[in-house]
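Visitor: Structure provided below as structure tokens; questions to follow.
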Amino acid sequence: MGNKGSKSDEAKDREALVEYLRGEQNIDKIWQRFDKDGNGEIDNAELEELIYCALCFFCSERDPDMPAPDREHTQPFVKKIMADLKPNLDENDDGVISREEFDRFGEYLEQEYKKLKRELES
């Protein structure tokens with residue numbers, strides 16, 4: 001099960017995500033950071049943590065002066081994103097995301113980041 005980590009864990013999680021989105025690391029770095037229990041699957045709690053981390057990063061890219069949104073206020077957005085994504089990610093419908101299925105999440109993150117960059121440039 002995924003756990004909410006310490007602030008330093010959250011910083012390392014965010015760093016892995018940022019490095020991936022900026023093309024400095026591959027998707028394996030994110031997988032290693034967010035498969036918290038090392039069982040080779042991303043469960044709902046781990047996926048929720050990853051989506052929250054991505055949401056915080058996208059918010060800071062949009063407005064660097066804005067403090068990171070807290071979990072309580074982002075929960076409805078995180079749940080909606082999970083509900084929209086999970087059926088597309090969990091191809092075999094076993095309730096967890098395998099490493100192979102996780103590549104789709106990486107593609108989704110890249111698309112969303114490119115959209116955000118285009119919005120900010122215009």
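Labels used: A, B, ... for chains in the order of the structure tokens, numbers from 1 for residues in each chain, and numbers from 1 for ligands as shown.
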Do you know which residues are at most 12 Å from A:Cys56 counting only C-alpha atoms, after dropping those on the same chain fewer than 3 positions away, and could you put them as a PyMOL selection string?

Guide: chain A and resi 10-11+13-15+17-18+49-53+59-64+66-71+73-75+77-78

Visitor: Keeping only C-alpha atoms, take the residues you just selected and write them out as a short mmCIF file (atom, residue, chain, number, x, y, z; two decimals), in the first residue's frame.

Guide:
```cif
data_model
loop_
_atom_site.label_atom_id
_atom_site.label_comp_id
_atom_site.auth_asym_id
_atom_site.auth_seq_id
_atom_site.Cartn_x
_atom_site.Cartn_y
_atom_site.Cartn_z
CA GLU A 10 7.65 14.20 -1.31
CA ALA A 11 10.52 16.37 -2.55
CA ASP A 13 8.98 12.19 -5.65
CA ARG A 14 8.50 15.61 -7.18
CA GLU A 15 12.11 15.71 -8.37
CA LEU A 17 8.50 13.63 -11.83
CA VAL A 18 10.11 16.91 -12.90
CA GLU A 49 0.02 10.06 -4.49
CA LEU A 50 1.49 10.33 -7.98
CA ILE A 51 -1.50 12.25 -9.32
CA TYR A 52 -1.37 14.64 -6.35
CA CYS A 53 2.37 15.18 -6.95
CA CYS A 59 0.10 24.24 -10.38
CA SER A 60 3.59 25.53 -9.57
CA GLU A 61 4.48 25.67 -13.26
CA ARG A 62 1.36 27.72 -13.91
CA ASP A 63 2.02 30.06 -10.97
CA PRO A 64 5.45 29.71 -9.32
CA MET A 66 1.45 29.99 -5.48
CA PRO A 67 2.00 27.68 -2.51
CA ALA A 68 1.45 23.99 -3.16
CA PRO A 69 -2.22 23.10 -2.83
CA ASP A 70 -3.04 20.98 0.18
CA ARG A 71 -4.32 17.44 -0.16
CA HIS A 73 -8.55 20.79 -1.35
CA THR A 74 -7.16 18.77 -4.26
CA GLN A 75 -8.88 15.52 -3.29
CA PHE A 77 -9.61 16.74 -8.54
CA VAL A 78 -7.33 13.80 -7.77
#
```

Visitor: Output as a list in words all residues of chain A that backbone DSSP marks as strand (DSSP E).

Guide: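 Strand (DSSP E) members of chain A, listed: Glu41, Ile42, Ile97 and Ser98 of chain A.
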
Visitor: Residues at most 8 Å from stretch 104-109 of chain A, counting only C-alpha atoms, excluding those fewer than 5 positions away in the same chain, as a PDB file with N, CA and C atoms, in the first residue's frame?

Guide:
```
ATOM      1  N   LEU A  21       9.539  14.734 -16.798  1.00  0.00           N
ATOM      2  CA  LEU A  21       8.825  15.642 -17.700  1.00  0.00           C
ATOM      3  C   LEU A  21       9.778  16.548 -18.479  1.00  0.00           C
ATOM      4  N   ILE A  27      10.860   6.897 -17.575  1.00  0.00           N
ATOM      5  CA  ILE A  27       9.688   6.577 -16.754  1.00  0.00           C
ATOM      6  C   ILE A  27      10.034   5.649 -15.582  1.00  0.00           C
ATOM      7  N   LEU A  89      -5.626   2.878 -17.915  1.00  0.00           N
ATOM      8  CA  LEU A  89      -4.333   2.387 -17.458  1.00  0.00           C
ATOM      9  C   LEU A  89      -4.376   0.911 -17.082  1.00  0.00           C
TER      10      LEU A  89
END
```

Visitor: Per DSSP on the backbone, filter stretch 22-70 of chain A down to the residues in helix (DSSP H, G or I) and report them as a list in words.

Guide: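 DSSP on the backbone gives helix (DSSP H, G or I) at Ile27, Asp28, Lys29, Ile30, Trp31, Gln32, Arg33, Phe34, Asn44, Ala45, Glu46, Leu47, Glu48, Glu49, Leu50, Ile51, Tyr52, Cys53, Ala54, Leu55, Cys56, Phe57, Phe58, Cys59, Ser60, Glu61 and Arg62 of chain A.
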
Visitor: How about saving the chosen residues, N, CA and C atoms kept, as a tab-separated table (two decimals), in the first residue's frame?

Guide:
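Generated file (part-v5.tsv):
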```tsv
chain	number	residue	atom	x	y	z
A	27	ILE	N	10.86	6.90	-17.58
A	27	ILE	CA	9.69	6.58	-16.75
A	27	ILE	C	10.03	5.65	-15.58
A	28	ASP	N	11.11	4.90	-15.70
A	28	ASP	CA	11.50	3.99	-14.62
A	28	ASP	C	11.79	4.73	-13.32
A	29	LYS	N	12.31	5.94	-13.43
A	29	LYS	CA	12.60	6.73	-12.22
A	29	LYS	C	11.31	7.03	-11.46
A	30	ILE	N	10.26	7.38	-12.17
A	30	ILE	CA	8.97	7.64	-11.51
A	30	ILE	C	8.44	6.34	-10.91
A	31	TRP	N	8.53	5.28	-11.67
A	31	TRP	CA	8.06	3.98	-11.17
A	31	TRP	C	8.75	3.63	-9.85
A	32	GLN	N	10.04	3.77	-9.81
A	32	GLN	CA	10.79	3.43	-8.60
A	32	GLN	C	10.39	4.30	-7.42
A	33	ARG	N	10.11	5.57	-7.67
A	33	ARG	CA	9.72	6.48	-6.58
A	33	ARG	C	8.31	6.20	-6.07
A	34	PHE	N	7.40	5.82	-6.95
A	34	PHE	CA	6.00	5.72	-6.55
A	34	PHE	C	5.52	4.30	-6.27
A	44	ASN	N	-3.96	1.84	-5.76
A	44	ASN	CA	-4.73	3.09	-5.77
A	44	ASN	C	-4.08	4.19	-4.93
A	45	ALA	N	-3.58	3.85	-3.76
A	45	ALA	CA	-2.97	4.85	-2.90
A	45	ALA	C	-1.70	5.42	-3.54
A	46	GLU	N	-0.92	4.57	-4.18
A	46	GLU	CA	0.30	5.03	-4.84
A	46	GLU	C	-0.03	5.89	-6.06
A	47	LEU	N	-1.06	5.49	-6.81
A	47	LEU	CA	-1.48	6.27	-7.96
A	47	LEU	C	-2.03	7.63	-7.52
A	48	GLU	N	-2.78	7.62	-6.44
A	48	GLU	CA	-3.31	8.87	-5.90
A	48	GLU	C	-2.17	9.81	-5.50
A	49	GLU	N	-1.15	9.26	-4.89
A	49	GLU	CA	0.02	10.06	-4.49
A	49	GLU	C	0.71	10.66	-5.72
A	50	LEU	N	0.85	9.87	-6.76
A	50	LEU	CA	1.49	10.33	-7.98
A	50	LEU	C	0.67	11.42	-8.65
A	51	ILE	N	-0.63	11.24	-8.71
A	51	ILE	CA	-1.50	12.25	-9.32
A	51	ILE	C	-1.45	13.55	-8.51
A	52	TYR	N	-1.47	13.44	-7.20
A	52	TYR	CA	-1.37	14.64	-6.35
A	52	TYR	C	-0.03	15.35	-6.62
A	53	CYS	N	1.04	14.61	-6.70
A	53	CYS	CA	2.37	15.18	-6.95
A	53	CYS	C	2.39	15.90	-8.30
A	54	ALA	N	1.83	15.27	-9.32
A	54	ALA	CA	1.78	15.88	-10.65
A	54	ALA	C	0.92	17.14	-10.64
A	55	LEU	N	-0.20	17.09	-9.94
A	55	LEU	CA	-1.08	18.25	-9.84
A	55	LEU	C	-0.36	19.43	-9.17
A	56	CYS	N	0.37	19.15	-8.11
A	56	CYS	CA	1.14	20.20	-7.43
A	56	CYS	C	2.19	20.80	-8.35
A	57	PHE	N	2.89	19.94	-9.09
A	57	PHE	CA	3.90	20.43	-10.02
A	57	PHE	C	3.27	21.29	-11.11
A	58	PHE	N	2.17	20.84	-11.70
A	58	PHE	CA	1.52	21.61	-12.76
A	58	PHE	C	1.04	22.96	-12.22
A	59	CYS	N	0.53	22.98	-11.00
A	59	CYS	CA	0.10	24.24	-10.38
A	59	CYS	C	1.28	25.20	-10.21
A	60	SER	N	2.42	24.67	-9.77
A	60	SER	CA	3.59	25.53	-9.57
A	60	SER	C	4.17	26.01	-10.90
A	61	GLU	N	4.03	25.22	-11.95
A	61	GLU	CA	4.48	25.67	-13.26
A	61	GLU	C	3.59	26.81	-13.77
A	62	ARG	N	2.31	26.69	-13.49
A	62	ARG	CA	1.36	27.72	-13.91
A	62	ARG	C	1.57	29.01	-13.13
```

Visitor: List as a ChimeraX atom specification the protein and nucleic acid residues near A:Asp43, meaning an atom at most 10 Å away when only C-alpha atoms are counted, but skip any in the same chain fewer than 5 places from it.

Guide: /A:1-2,34-37,48-49,95-98

Visitor: Let me see the file: selected residues, all heavy atoms, as an mmCIF file, in the first residue's frame.

Guide:
```cif
data_model
loop_
_atom_site.group_PDB
_atom_site.id
_atom_site.type_symbol
_atom_site.label_atom_id
_atom_site.label_comp_id
_atom_site.auth_asym_id
_atom_site.auth_seq_id
_atom_site.Cartn_x
_atom_site.Cartn_y
_atom_site.Cartn_z
ATOM 1 N N MET A 1 0.833 -1.180 0.000
ATOM 2 C CA MET A 1 0.000 0.000 0.000
ATOM 3 C C MET A 1 0.871 1.234 0.000
ATOM 4 O O MET A 1 1.861 1.303 0.677
ATOM 5 C CB MET A 1 -0.827 0.064 1.282
ATOM 6 C CG MET A 1 -2.021 -0.799 1.338
ATOM 7 S SD MET A 1 -3.370 -0.154 0.430
ATOM 8 C CE MET A 1 -4.591 -1.092 1.237
ATOM 9 N N GLY A 2 0.444 2.245 -0.731
ATOM 10 C CA GLY A 2 1.161 3.514 -0.734
ATOM 11 C C GLY A 2 0.924 4.259 0.557
ATOM 12 O O GLY A 2 -0.140 4.191 1.141
ATOM 13 N N PHE A 34 7.403 5.817 -6.952
ATOM 14 C CA PHE A 34 6.003 5.721 -6.546
ATOM 15 C C PHE A 34 5.520 4.300 -6.268
ATOM 16 O O PHE A 34 4.442 4.133 -5.696
ATOM 17 C CB PHE A 34 5.093 6.427 -7.557
ATOM 18 C CG PHE A 34 5.215 7.912 -7.455
ATOM 19 C CD1 PHE A 34 6.128 8.612 -8.228
ATOM 20 C CD2 PHE A 34 4.445 8.621 -6.540
ATOM 21 C CE1 PHE A 34 6.268 9.991 -8.110
ATOM 22 C CE2 PHE A 34 4.574 9.989 -6.411
ATOM 23 C CZ PHE A 34 5.482 10.675 -7.201
ATOM 24 N N ASP A 35 6.282 3.294 -6.634
ATOM 25 C CA ASP A 35 5.967 1.934 -6.189
ATOM 26 C C ASP A 35 6.542 1.829 -4.773
ATOM 27 O O ASP A 35 7.576 1.219 -4.535
ATOM 28 C CB ASP A 35 6.574 0.891 -7.128
ATOM 29 C CG ASP A 35 6.280 -0.538 -6.682
ATOM 30 O OD1 ASP A 35 5.380 -0.738 -5.845
ATOM 31 O OD2 ASP A 35 6.970 -1.455 -7.174
ATOM 32 N N LYS A 36 5.851 2.477 -3.846
ATOM 33 C CA LYS A 36 6.378 2.697 -2.490
ATOM 34 C C LYS A 36 6.721 1.410 -1.755
ATOM 35 O O LYS A 36 7.687 1.359 -1.006
ATOM 36 C CB LYS A 36 5.384 3.511 -1.650
ATOM 37 C CG LYS A 36 5.078 4.876 -2.213
ATOM 38 C CD LYS A 36 6.261 5.790 -2.106
ATOM 39 C CE LYS A 36 5.898 7.199 -2.542
ATOM 40 N NZ LYS A 36 7.022 8.082 -2.619
ATOM 41 N N ASP A 37 5.919 0.379 -1.962
ATOM 42 C CA ASP A 37 6.175 -0.863 -1.231
ATOM 43 C C ASP A 37 7.042 -1.842 -2.029
ATOM 44 O O ASP A 37 7.359 -2.922 -1.552
ATOM 45 C CB ASP A 37 4.868 -1.526 -0.798
ATOM 46 C CG ASP A 37 3.912 -1.770 -1.941
ATOM 47 O OD1 ASP A 37 4.325 -1.663 -3.125
ATOM 48 O OD2 ASP A 37 2.737 -2.059 -1.660
ATOM 49 N N GLU A 48 -2.784 7.624 -6.441
ATOM 50 C CA GLU A 48 -3.313 8.869 -5.902
ATOM 51 C C GLU A 48 -2.169 9.813 -5.499
ATOM 52 O O GLU A 48 -2.217 11.016 -5.778
ATOM 53 C CB GLU A 48 -4.203 8.564 -4.702
ATOM 54 C CG GLU A 48 -4.993 9.738 -4.209
ATOM 55 C CD GLU A 48 -6.020 9.345 -3.161
ATOM 56 O OE1 GLU A 48 -6.736 8.351 -3.350
ATOM 57 O OE2 GLU A 48 -6.080 10.058 -2.141
ATOM 58 N N GLU A 49 -1.154 9.265 -4.888
ATOM 59 C CA GLU A 49 0.019 10.063 -4.490
ATOM 60 C C GLU A 49 0.714 10.656 -5.721
ATOM 61 O O GLU A 49 1.100 11.822 -5.729
ATOM 62 C CB GLU A 49 0.994 9.186 -3.698
ATOM 63 C CG GLU A 49 2.186 9.918 -3.166
ATOM 64 C CD GLU A 49 1.852 10.904 -2.063
ATOM 65 O OE1 GLU A 49 0.792 10.778 -1.427
ATOM 66 O OE2 GLU A 49 2.674 11.816 -1.843
ATOM 67 N N GLY A 95 -7.181 -4.036 -10.820
ATOM 68 C CA GLY A 95 -7.198 -3.094 -9.704
ATOM 69 C C GLY A 95 -5.863 -2.434 -9.402
ATOM 70 O O GLY A 95 -5.789 -1.563 -8.547
ATOM 71 N N VAL A 96 -4.810 -2.840 -10.081
ATOM 72 C CA VAL A 96 -3.483 -2.247 -9.892
ATOM 73 C C VAL A 96 -2.866 -1.968 -11.259
ATOM 74 O O VAL A 96 -3.288 -2.522 -12.268
ATOM 75 C CB VAL A 96 -2.544 -3.153 -9.056
ATOM 76 C CG1 VAL A 96 -3.054 -3.299 -7.626
ATOM 77 C CG2 VAL A 96 -2.359 -4.506 -9.709
ATOM 78 N N ILE A 97 -1.848 -1.119 -11.251
ATOM 79 C CA ILE A 97 -1.160 -0.768 -12.492
ATOM 80 C C ILE A 97 0.173 -1.503 -12.526
ATOM 81 O O ILE A 97 1.004 -1.337 -11.632
ATOM 82 C CB ILE A 97 -0.912 0.760 -12.570
ATOM 83 C CG1 ILE A 97 -2.194 1.557 -12.325
ATOM 84 C CG2 ILE A 97 -0.258 1.133 -13.898
ATOM 85 C CD1 ILE A 97 -3.335 1.243 -13.247
ATOM 86 N N SER A 98 0.354 -2.330 -13.549
ATOM 87 C CA SER A 98 1.618 -3.053 -13.714
ATOM 88 C C SER A 98 2.644 -2.110 -14.334
ATOM 89 O O SER A 98 2.308 -1.025 -14.833
ATOM 90 C CB SER A 98 1.420 -4.261 -14.633
ATOM 91 O OG SER A 98 1.171 -3.817 -15.960
#
```
